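Here the structure is laid out as structure tokens; the discussion comes afterwards.
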Number of protein chains: 2
Amino acid sequence: MVQATTHAIEEASRQGAALVVLHELHQSEYFCQSESTDSFVYAQDFERDVQYWSSVARHNGVVLITSLFEARAPGLYHNTAVVFDCDGSVAGKYRKMHIPDDPGFYEKFYFTPGDTGFEPIDTSVGRLGVMVCWDQWYPEAARIMALKGAEILIYPTAIGWFDSDTDAEKQRQRESWITIQRSHAIANGIPVLSCNRVGFEPDPSGALEGIRFWGSSFACGAQGEMLAQATTETETILWVDVDLERTREVRDIWPFFRDRRIEAYDCIGHRFCDE
Amino acid sequence: MVQATTHAIEEASRQGAALVVLHELHQSEYFCQSESTDSFVYAQDFERDVQYWSSVARHNGVVLITSLFEARAPGLYHNTAVVFDCDGSVAGKYRKMHIPDDPGFYEKFYFTPGDTGFEPIDTSVGRLGVMVCWDQWYPEAARIMALKGAEILIYPTAIGWFDSDTDAEKQRQRESWITIQRSHAIANGIPVLSCNRVGFEPDPSGALEGIRFWGSSFACGAQGEMLAQATTETETILWVDVDLERTREVRDIWPFFRDRRIEAYDCIGHRFCDE
């Protein structure tokens, strides 16, 4: 996977890419399908991994969004997006804040919830609101990135179907996933890039059948309009021109930021407002 | 408009409707296309209007979501959704919290921002998160209603196109409007009903050409899946069966509420996080 990804980045760079986004945990299979301490081995070379992807970013002259498994201390691991500028320097990192845990996605076993908060990362191609997968379901996270000046939202992700679900359920799930991310573009007037894993990976424990990652990586503009979308089945380099200047125009037409009732939003900070 | 609407409610009731949602400011034309103190006359009979729609709800045995122009005190007006239970009693009211102001939609001249906050209203068909139009662009408002136990989100609205815009721009606007509301269903695992004005209304001031309200009223389920949608051009009664039981199932599969990082959301209460 590392080799194939490196080659794809080289190809993207040759053809003029300035920013490359990889999918979630792109160095290995999606190991969270089962809980095994063996999988912590994937995190142990985090510093070496950072060095490696730094050299790839520098060699190809691209801003690079990686998604790595970070060993921070014994027994303390994160799902971490490291962002490299085109000179290979670490522009910043984001530790996945919202951690899922569902059958086949046992992430709470592996990842400590991030402590970076929702902080955009400045790079030579703009101020990037990088988050990871489960974060994409939370309008709060997208809003905070935008309020902190993010010019674009970026989600490396790994989400897919179980073959045992009905076609109707599968369609609802994939559409929900697209719709919620487009809505972050709309609510905040900024583009969104989402890069998803693709292909079938069996559950090594045999407890479940495995996950069919649905691909469908996409980019949408500041009004949520689709700019480019990959298929559900094929690995690909998905190209898109992103217009950061459009944000001002869109926000001037639909000035949602002007009218927020911030004094009436306290409930957002509560678990549930039943008391 | 009042007579036609009353007849439509009677028809809906005859055919078994339990809940009827009307579009924004359904007693008159959308008078906010220009700023004129003459239009305040529409608000003066608010108490009489409440009595009238109470009788309509009681007579037809339906829970009724109205959208009225409320004169609260001299020089103090609101855009107010009054909710009637099926016995005609006032179940509650919601004063539009987010007030727009754009060319053709001069609402800040007419409406004082609401002071009800985002409080769901209990009725015999469920706990209803009623908001109005511009509110629909704010994920915060939908989230707060859900955190306060709303079982369904309801948006009376009045939004449309200017004929001078390109077809591409019109399509982006309408799709944005649908997408953001579907996203509230997805983020919160509850159904959404949106009832929009339809048809062309000229600008009486002559400053602009007028608004072509795009209809497209719709209902979506707890995963944001479309259940029913009206056309862009025709007045209609749009029927839909809403399954409130689906919420538990959806939230158990995709437990977004479980994983909210409430301690990291402070920025939501700020105008902009640049300091």
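In the structure tokens, chains take letters A, B, ... by order of appearance, with residues numbered from 1 within each chain and ligands from 1 in the order shown.
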
Fill in: Contact set, chain A to chain B: 7 Å, only C-alpha atoms, as number ranges by chain
A: 98-99, 117, 137-140, 144, 147-148, 172, 176, 179-180, 183, 186-187, 223-225, 259-274

Pairing the C-alpha atoms in order across the whole chain, superpose chain B onto chain A by least squares and write the result as an mmCIF file with C-alpha atoms, in the first residue's frame.
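Wrote it out as superposed.cif, contents follow:
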data_model
loop_
_atom_site.group_PDB
_atom_site.id
_atom_site.type_symbol
_atom_site.label_atom_id
_atom_site.label_comp_id
_atom_site.auth_asym_id
_atom_site.auth_seq_id
_atom_site.Cartn_x
_atom_site.Cartn_y
_atom_site.Cartn_z
ATOM 1 C CA MET B 1 -0.001 -0.005 0.009
ATOM 2 C CA VAL B 2 2.810 2.411 0.847
ATOM 3 C CA GLN B 3 4.533 1.714 -2.478
ATOM 4 C CA ALA B 4 1.358 1.986 -4.561
ATOM 5 C CA THR B 5 0.379 5.186 -2.779
ATOM 6 C CA THR B 6 3.828 6.662 -3.316
ATOM 7 C CA HIS B 7 3.638 5.901 -7.036
ATOM 8 C CA ALA B 8 0.182 7.499 -7.252
ATOM 9 C CA ILE B 9 1.484 10.637 -5.538
ATOM 10 C CA GLU B 10 4.347 10.778 -8.054
ATOM 11 C CA GLU B 11 1.869 10.521 -10.900
ATOM 12 C CA ALA B 12 -0.371 13.191 -9.379
ATOM 13 C CA SER B 13 2.612 15.474 -8.932
ATOM 14 C CA ARG B 14 3.801 14.938 -12.512
ATOM 15 C CA GLN B 15 0.393 16.009 -13.744
ATOM 16 C CA GLY B 16 0.385 19.166 -11.653
ATOM 17 C CA ALA B 17 -1.309 18.356 -8.341
ATOM 18 C CA ALA B 18 -0.573 20.924 -5.621
ATOM 19 C CA LEU B 19 -2.483 19.162 -2.846
ATOM 20 C CA VAL B 20 -2.825 15.409 -2.352
ATOM 21 C CA VAL B 21 -5.308 13.876 0.100
ATOM 22 C CA LEU B 22 -4.986 10.204 1.052
ATOM 23 C CA HIS B 23 -7.658 7.998 2.619
ATOM 24 C CA GLU B 24 -7.785 7.061 6.289
ATOM 25 C CA LEU B 25 -4.995 4.789 7.582
ATOM 26 C CA HIS B 26 -3.530 4.419 4.103
ATOM 27 C CA GLN B 27 -0.470 2.472 5.220
ATOM 28 C CA SER B 28 -2.289 -0.785 5.876
ATOM 29 C CA GLU B 29 -5.571 -2.641 5.791
ATOM 30 C CA TYR B 30 -8.336 -1.187 7.983
ATOM 31 C CA PHE B 31 -7.227 -3.143 11.064
ATOM 32 C CA CYS B 32 -10.101 -1.932 13.296
ATOM 33 C CA GLN B 33 -12.433 -4.675 12.023
ATOM 34 C CA SER B 34 -11.335 -6.653 15.051
ATOM 35 C CA GLU B 35 -9.666 -5.889 18.384
ATOM 36 C CA SER B 36 -6.150 -7.243 18.581
ATOM 37 C CA THR B 37 -3.122 -5.896 20.414
ATOM 38 C CA ASP B 38 -1.080 -7.251 17.493
ATOM 39 C CA SER B 39 -2.293 -4.335 15.391
ATOM 40 C CA PHE B 40 -0.551 -1.808 17.635
ATOM 41 C CA VAL B 41 2.588 -2.759 15.734
ATOM 42 C CA TYR B 42 1.317 -0.545 12.929
ATOM 43 C CA ALA B 43 1.746 2.485 15.178
ATOM 44 C CA GLN B 44 5.243 1.786 16.453
ATOM 45 C CA ASP B 45 7.122 3.384 13.589
ATOM 46 C CA PHE B 46 5.154 6.622 13.619
ATOM 47 C CA GLU B 47 8.264 8.834 13.627
ATOM 48 C CA ARG B 48 9.754 6.877 10.753
ATOM 49 C CA ASP B 49 6.437 7.097 8.906
ATOM 50 C CA VAL B 50 6.428 10.860 9.347
ATOM 51 C CA GLN B 51 9.957 11.030 7.923
ATOM 52 C CA TYR B 52 8.948 8.884 4.993
ATOM 53 C CA TRP B 53 5.863 10.902 3.967
ATOM 54 C CA SER B 54 7.806 14.104 4.546
ATOM 55 C CA SER B 55 10.287 12.956 1.949
ATOM 56 C CA VAL B 56 7.470 12.011 -0.443
ATOM 57 C CA ALA B 57 5.891 15.455 -0.083
ATOM 58 C CA ARG B 58 9.240 17.196 -0.562
ATOM 59 C CA HIS B 59 10.316 14.993 -3.451
ATOM 60 C CA ASN B 60 7.047 15.641 -5.302
ATOM 61 C CA GLY B 61 6.535 19.237 -4.212
ATOM 62 C CA VAL B 62 2.982 18.673 -3.009
ATOM 63 C CA VAL B 63 1.066 19.545 0.125
ATOM 64 C CA LEU B 64 0.245 16.085 1.461
ATOM 65 C CA ILE B 65 -2.532 15.005 3.855
ATOM 66 C CA THR B 66 -1.620 11.686 5.451
ATOM 67 C CA SER B 67 -3.568 9.538 7.903
ATOM 68 C CA LEU B 68 -1.308 7.611 10.271
ATOM 69 C CA PHE B 69 -1.516 5.433 13.362
ATOM 70 C CA GLU B 70 0.410 7.299 16.044
ATOM 71 C CA ALA B 71 2.073 5.648 19.050
ATOM 72 C CA ARG B 72 2.387 8.557 21.449
ATOM 73 C CA ALA B 73 3.341 6.659 24.591
ATOM 74 C CA PRO B 74 3.005 3.032 25.659
ATOM 75 C CA GLY B 75 -0.721 2.280 25.686
ATOM 76 C CA LEU B 76 -1.589 5.667 24.174
ATOM 77 C CA TYR B 77 -2.373 5.787 20.469
ATOM 78 C CA HIS B 78 -4.081 8.226 18.108
ATOM 79 C CA ASN B 79 -5.575 8.254 14.643
ATOM 80 C CA THR B 80 -3.561 11.181 13.358
ATOM 81 C CA ALA B 81 -3.593 13.203 10.167
ATOM 82 C CA VAL B 82 -0.130 14.639 9.579
ATOM 83 C CA VAL B 83 -0.063 17.477 7.062
ATOM 84 C CA PHE B 84 3.131 18.164 5.129
ATOM 85 C CA ASP B 85 3.856 21.310 3.211
ATOM 86 C CA CYS B 86 5.382 20.994 -0.246
ATOM 87 C CA ASP B 87 8.901 21.402 1.162
ATOM 88 C CA GLY B 88 8.379 18.339 3.354
ATOM 89 C CA SER B 89 8.018 20.269 6.590
ATOM 90 C CA VAL B 90 5.279 19.235 9.014
ATOM 91 C CA ALA B 91 2.652 21.965 8.636
ATOM 92 C CA GLY B 92 0.627 20.512 11.471
ATOM 93 C CA LYS B 93 -1.186 17.487 12.736
ATOM 94 C CA TYR B 94 -4.730 16.672 13.700
ATOM 95 C CA ARG B 95 -5.658 13.863 16.070
ATOM 96 C CA LYS B 96 -9.096 12.425 15.262
ATOM 97 C CA MET B 97 -11.447 13.919 17.817
ATOM 98 C CA HIS B 98 -14.614 11.831 17.372
ATOM 99 C CA ILE B 99 -13.914 8.114 17.693
ATOM 100 C CA PRO B 100 -16.533 5.620 16.502
ATOM 101 C CA ASP B 101 -17.158 2.157 17.820
ATOM 102 C CA ASP B 102 -19.595 -0.084 16.016
ATOM 103 C CA PRO B 103 -19.516 -3.708 14.878
ATOM 104 C CA GLY B 104 -16.611 -3.887 12.404
ATOM 105 C CA PHE B 105 -15.307 -0.443 13.379
ATOM 106 C CA TYR B 106 -13.787 -1.012 16.828
ATOM 107 C CA GLU B 107 -11.890 2.249 16.963
ATOM 108 C CA LYS B 108 -12.358 3.021 20.644
ATOM 109 C CA PHE B 109 -10.076 0.070 21.366
ATOM 110 C CA TYR B 110 -7.271 1.559 19.290
ATOM 111 C CA PHE B 111 -7.536 5.335 19.357
ATOM 112 C CA THR B 112 -7.548 7.777 22.244
ATOM 113 C CA PRO B 113 -9.834 10.686 21.335
ATOM 114 C CA GLY B 114 -7.721 13.518 19.984
ATOM 115 C CA ASP B 115 -6.515 16.452 22.056
ATOM 116 C CA THR B 116 -5.628 18.784 19.209
ATOM 117 C CA GLY B 117 -9.102 20.287 19.066
ATOM 118 C CA PHE B 118 -10.364 21.549 15.737
ATOM 119 C CA GLU B 119 -7.466 23.720 14.577
ATOM 120 C CA PRO B 120 -6.945 24.526 10.916
ATOM 121 C CA ILE B 121 -3.462 23.958 9.530
ATOM 122 C CA ASP B 122 -1.726 26.633 7.470
ATOM 123 C CA THR B 123 -0.021 25.458 4.296
ATOM 124 C CA SER B 124 1.222 27.006 1.073
ATOM 125 C CA VAL B 125 -2.083 26.081 -0.638
ATOM 126 C CA GLY B 126 -4.315 27.533 2.066
ATOM 127 C CA ARG B 127 -5.612 27.133 5.580
ATOM 128 C CA LEU B 128 -6.849 23.555 5.779
ATOM 129 C CA GLY B 129 -9.545 22.193 8.086
ATOM 130 C CA VAL B 130 -8.333 18.609 8.249
ATOM 131 C CA MET B 131 -10.468 16.103 10.142
ATOM 132 C CA VAL B 132 -10.860 12.334 9.937
ATOM 133 C CA CYS B 133 -13.789 10.041 9.071
ATOM 134 C CA TRP B 134 -16.288 9.953 11.989
ATOM 135 C CA ASP B 135 -15.714 13.704 12.438
ATOM 136 C CA GLN B 136 -17.545 14.165 9.153
ATOM 137 C CA TRP B 137 -20.898 13.481 10.847
ATOM 138 C CA TYR B 138 -20.516 16.418 13.233
ATOM 139 C CA PRO B 139 -21.621 19.864 12.055
ATOM 140 C CA GLU B 140 -19.983 21.306 15.162
ATOM 141 C CA ALA B 141 -16.515 20.235 14.024
ATOM 142 C CA ALA B 142 -16.925 21.706 10.545
ATOM 143 C CA ARG B 143 -18.328 24.931 11.954
ATOM 144 C CA ILE B 144 -15.452 25.379 14.400
ATOM 145 C CA MET B 145 -12.879 24.841 11.657
ATOM 146 C CA ALA B 146 -14.669 27.483 9.562
ATOM 147 C CA LEU B 147 -14.932 29.904 12.471
ATOM 148 C CA LYS B 148 -11.181 29.497 12.910
ATOM 149 C CA GLY B 149 -10.636 30.478 9.315
ATOM 150 C CA ALA B 150 -10.356 27.161 7.477
ATOM 151 C CA GLU B 151 -10.655 27.764 3.729
ATOM 152 C CA ILE B 152 -11.406 24.169 2.865
ATOM 153 C CA LEU B 153 -12.502 21.049 4.786
ATOM 154 C CA ILE B 154 -10.679 17.775 4.204
ATOM 155 C CA TYR B 155 -11.756 14.314 5.387
ATOM 156 C CA PRO B 156 -9.587 11.214 4.960
ATOM 157 C CA THR B 157 -12.052 8.421 5.680
ATOM 158 C CA ALA B 158 -12.735 4.666 5.674
ATOM 159 C CA ILE B 159 -16.397 3.772 5.457
ATOM 160 C CA GLY B 160 -18.169 0.942 3.719
ATOM 161 C CA TRP B 161 -21.001 -1.520 3.504
ATOM 162 C CA PHE B 162 -21.708 -4.921 4.901
ATOM 163 C CA ASP B 163 -22.853 -7.173 2.059
ATOM 164 C CA SER B 164 -25.629 -8.463 4.303
ATOM 165 C CA ASP B 165 -27.417 -5.104 4.260
ATOM 166 C CA THR B 166 -30.186 -4.488 1.736
ATOM 167 C CA ASP B 167 -29.500 -2.380 -1.331
ATOM 168 C CA ALA B 168 -31.908 0.260 -0.005
ATOM 169 C CA GLU B 169 -30.026 0.468 3.297
ATOM 170 C CA LYS B 170 -26.682 0.674 1.478
ATOM 171 C CA GLN B 171 -27.961 3.476 -0.693
ATOM 172 C CA ARG B 172 -29.312 5.392 2.323
ATOM 173 C CA GLN B 173 -25.953 5.065 4.087
ATOM 174 C CA ARG B 174 -23.845 6.238 1.157
ATOM 175 C CA GLU B 175 -26.199 9.107 0.362
ATOM 176 C CA SER B 176 -26.221 10.177 4.007
ATOM 177 C CA TRP B 177 -22.458 10.219 4.000
ATOM 178 C CA ILE B 178 -22.304 12.393 0.890
ATOM 179 C CA THR B 179 -25.137 14.659 2.025
ATOM 180 C CA ILE B 180 -23.777 15.426 5.482
ATOM 181 C CA GLN B 181 -20.383 16.411 4.049
ATOM 182 C CA ARG B 182 -21.913 18.568 1.314
ATOM 183 C CA SER B 183 -23.908 20.251 4.071
ATOM 184 C CA HIS B 184 -20.700 21.336 5.800
ATOM 185 C CA ALA B 185 -19.695 23.111 2.591
ATOM 186 C CA ILE B 186 -23.108 24.788 2.422
ATOM 187 C CA ALA B 187 -23.365 25.809 6.077
ATOM 188 C CA ASN B 188 -19.887 27.301 5.999
ATOM 189 C CA GLY B 189 -19.466 28.442 2.408
ATOM 190 C CA ILE B 190 -16.241 26.527 1.825
ATOM 191 C CA PRO B 191 -15.255 23.551 -0.370
ATOM 192 C CA VAL B 192 -15.029 20.010 0.989
ATOM 193 C CA LEU B 193 -12.689 17.192 -0.089
ATOM 194 C CA SER B 194 -13.431 13.674 1.080
ATOM 195 C CA CYS B 195 -11.132 10.746 0.315
ATOM 196 C CA ASN B 196 -12.508 7.290 1.123
ATOM 197 C CA ARG B 197 -10.996 3.811 1.145
ATOM 198 C CA VAL B 198 -12.248 1.478 -1.593
ATOM 199 C CA GLY B 199 -12.499 -2.291 -2.037
ATOM 200 C CA PHE B 200 -13.388 -5.334 0.062
ATOM 201 C CA GLU B 201 -11.439 -6.301 3.181
ATOM 202 C CA PRO B 202 -12.431 -9.492 5.049
ATOM 203 C CA ASP B 203 -12.780 -9.518 8.816
ATOM 204 C CA PRO B 204 -9.691 -11.459 9.995
ATOM 205 C CA SER B 205 -11.526 -12.598 13.144
ATOM 206 C CA GLY B 206 -14.259 -14.220 11.064
ATOM 207 C CA ALA B 207 -16.913 -12.663 13.322
ATOM 208 C CA LEU B 208 -18.298 -10.523 10.517
ATOM 209 C CA GLU B 209 -18.070 -10.969 6.774
ATOM 210 C CA GLY B 210 -15.869 -7.947 6.181
ATOM 211 C CA ILE B 211 -16.327 -4.426 4.901
ATOM 212 C CA ARG B 212 -16.857 -3.343 1.300
ATOM 213 C CA PHE B 213 -15.442 0.182 1.429
ATOM 214 C CA TRP B 214 -17.605 2.234 -0.901
ATOM 215 C CA GLY B 215 -15.038 4.638 -2.358
ATOM 216 C CA SER B 216 -17.038 7.536 -3.822
ATOM 217 C CA SER B 217 -14.369 10.065 -2.852
ATOM 218 C CA PHE B 218 -15.590 13.481 -3.873
ATOM 219 C CA ALA B 219 -15.016 17.205 -3.940
ATOM 220 C CA CYS B 220 -17.742 19.805 -3.655
ATOM 221 C CA GLY B 221 -17.692 23.577 -3.904
ATOM 222 C CA ALA B 222 -18.733 26.311 -1.497
ATOM 223 C CA GLN B 223 -22.436 25.816 -2.252
ATOM 224 C CA GLY B 224 -22.129 22.057 -1.819
ATOM 225 C CA GLU B 225 -22.210 21.499 -5.574
ATOM 226 C CA MET B 226 -20.470 18.330 -6.744
ATOM 227 C CA LEU B 227 -17.209 19.027 -8.571
ATOM 228 C CA ALA B 228 -15.843 15.504 -8.947
ATOM 229 C CA GLN B 229 -16.680 12.046 -7.674
ATOM 230 C CA ALA B 230 -14.982 8.657 -7.849
ATOM 231 C CA THR B 231 -16.800 5.360 -8.319
ATOM 232 C CA THR B 232 -17.744 2.906 -5.588
ATOM 233 C CA GLU B 233 -15.337 0.257 -6.854
ATOM 234 C CA THR B 234 -12.116 1.514 -8.368
ATOM 235 C CA GLU B 235 -8.914 2.950 -6.932
ATOM 236 C CA THR B 236 -8.237 6.215 -8.659
ATOM 237 C CA ILE B 237 -6.588 9.593 -8.601
ATOM 238 C CA LEU B 238 -9.506 12.021 -8.514
ATOM 239 C CA TRP B 239 -8.599 15.444 -9.898
ATOM 240 C CA VAL B 240 -10.324 18.675 -9.075
ATOM 241 C CA ASP B 241 -9.690 22.396 -9.355
ATOM 242 C CA VAL B 242 -10.813 24.098 -6.160
ATOM 243 C CA ASP B 243 -11.710 27.783 -6.232
ATOM 244 C CA LEU B 244 -11.006 29.316 -2.826
ATOM 245 C CA GLU B 245 -12.073 32.760 -4.089
ATOM 246 C CA ARG B 246 -15.674 31.588 -4.481
ATOM 247 C CA THR B 247 -16.141 31.589 -0.682
ATOM 248 C CA ARG B 248 -16.341 35.358 -0.368
ATOM 249 C CA GLU B 249 -18.944 35.554 -3.139
ATOM 250 C CA VAL B 250 -21.050 32.754 -1.672
ATOM 251 C CA ARG B 251 -20.882 34.079 1.876
ATOM 252 C CA ASP B 252 -21.827 37.572 0.664
ATOM 253 C CA ILE B 253 -24.936 36.192 -1.076
ATOM 254 C CA TRP B 254 -25.900 33.845 1.747
ATOM 255 C CA PRO B 255 -24.448 35.499 4.864
ATOM 256 C CA PHE B 256 -25.134 32.744 7.364
ATOM 257 C CA PHE B 257 -22.213 33.873 9.522
ATOM 258 C CA ARG B 258 -23.743 37.345 9.910
ATOM 259 C CA ASP B 259 -26.914 36.065 11.538
ATOM 260 C CA ARG B 260 -25.803 33.321 13.931
ATOM 261 C CA ARG B 261 -27.612 33.620 17.297
ATOM 262 C CA ILE B 262 -24.527 32.830 19.321
ATOM 263 C CA GLU B 263 -26.149 33.810 22.625
ATOM 264 C CA ALA B 264 -28.771 31.086 22.063
ATOM 265 C CA TYR B 265 -26.409 28.193 21.332
ATOM 266 C CA ASP B 266 -25.378 27.203 24.879
ATOM 267 C CA CYS B 267 -27.175 23.866 24.626
ATOM 268 C CA ILE B 268 -24.593 22.732 22.026
ATOM 269 C CA GLY B 269 -22.107 22.306 24.881
ATOM 270 C CA HIS B 270 -24.371 19.865 26.720
ATOM 271 C CA ARG B 271 -24.591 16.111 26.356
ATOM 272 C CA PHE B 272 -28.398 16.311 26.219
ATOM 273 C CA CYS B 273 -30.719 19.083 27.328
ATOM 274 C CA ASP B 274 -33.136 17.119 29.485
ATOM 275 C CA GLU B 275 -32.491 18.795 32.806
#

Discussion item. I need the helix (DSSP H, G or I) residues of range 115-231 of chain A per DSSP on the backbone, written as an MDAnalysis selection string.
Written reply: chainID A and resid 133:137 139:147 167:188

Writer output for current selection, C-alpha atoms, as a PDB file, in the first residue's frame:
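See part08.pdb below for the written result:
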ATOM      1  CA  CYS A 133     -13.810  10.057   9.063  1.00  0.00           C
ATOM      2  CA  TRP A 134     -16.295   9.953  11.993  1.00  0.00           C
ATOM      3  CA  ASP A 135     -15.722  13.708  12.439  1.00  0.00           C
ATOM      4  CA  GLN A 136     -17.548  14.170   9.152  1.00  0.00           C
ATOM      5  CA  TRP A 137     -20.895  13.476  10.842  1.00  0.00           C
ATOM      6  CA  PRO A 139     -21.625  19.872  12.054  1.00  0.00           C
ATOM      7  CA  GLU A 140     -19.976  21.310  15.184  1.00  0.00           C
ATOM      8  CA  ALA A 141     -16.522  20.250  14.027  1.00  0.00           C
ATOM      9  CA  ALA A 142     -16.920  21.705  10.544  1.00  0.00           C
ATOM     10  CA  ARG A 143     -18.318  24.948  11.974  1.00  0.00           C
ATOM     11  CA  ILE A 144     -15.460  25.394  14.397  1.00  0.00           C
ATOM     12  CA  MET A 145     -12.878  24.850  11.660  1.00  0.00           C
ATOM     13  CA  ALA A 146     -14.670  27.481   9.566  1.00  0.00           C
ATOM     14  CA  LEU A 147     -14.936  29.916  12.489  1.00  0.00           C
ATOM     15  CA  ASP A 167     -29.495  -2.385  -1.319  1.00  0.00           C
ATOM     16  CA  ALA A 168     -31.908   0.251  -0.008  1.00  0.00           C
ATOM     17  CA  GLU A 169     -30.019   0.472   3.301  1.00  0.00           C
ATOM     18  CA  LYS A 170     -26.682   0.673   1.479  1.00  0.00           C
ATOM     19  CA  GLN A 171     -27.960   3.484  -0.683  1.00  0.00           C
ATOM     20  CA  ARG A 172     -29.302   5.390   2.324  1.00  0.00           C
ATOM     21  CA  GLN A 173     -25.956   5.073   4.091  1.00  0.00           C
ATOM     22  CA  ARG A 174     -23.833   6.245   1.155  1.00  0.00           C
ATOM     23  CA  GLU A 175     -26.201   9.104   0.373  1.00  0.00           C
ATOM     24  CA  SER A 176     -26.214  10.184   4.012  1.00  0.00           C
ATOM     25  CA  TRP A 177     -22.431  10.218   4.002  1.00  0.00           C
ATOM     26  CA  ILE A 178     -22.306  12.392   0.891  1.00  0.00           C
ATOM     27  CA  THR A 179     -25.144  14.656   2.033  1.00  0.00           C
ATOM     28  CA  ILE A 180     -23.773  15.434   5.481  1.00  0.00           C
ATOM     29  CA  GLN A 181     -20.387  16.413   4.048  1.00  0.00           C
ATOM     30  CA  ARG A 182     -21.916  18.569   1.331  1.00  0.00           C
ATOM     31  CA  SER A 183     -23.923  20.260   4.078  1.00  0.00           C
ATOM     32  CA  HIS A 184     -20.712  21.342   5.801  1.00  0.00           C
ATOM     33  CA  ALA A 185     -19.705  23.106   2.595  1.00  0.00           C
ATOM     34  CA  ILE A 186     -23.111  24.789   2.428  1.00  0.00           C
ATOM     35  CA  ALA A 187     -23.377  25.825   6.087  1.00  0.00           C
ATOM     36  CA  ASN A 188     -19.889  27.317   6.007  1.00  0.00           C
TER      37      ASN A 188
END
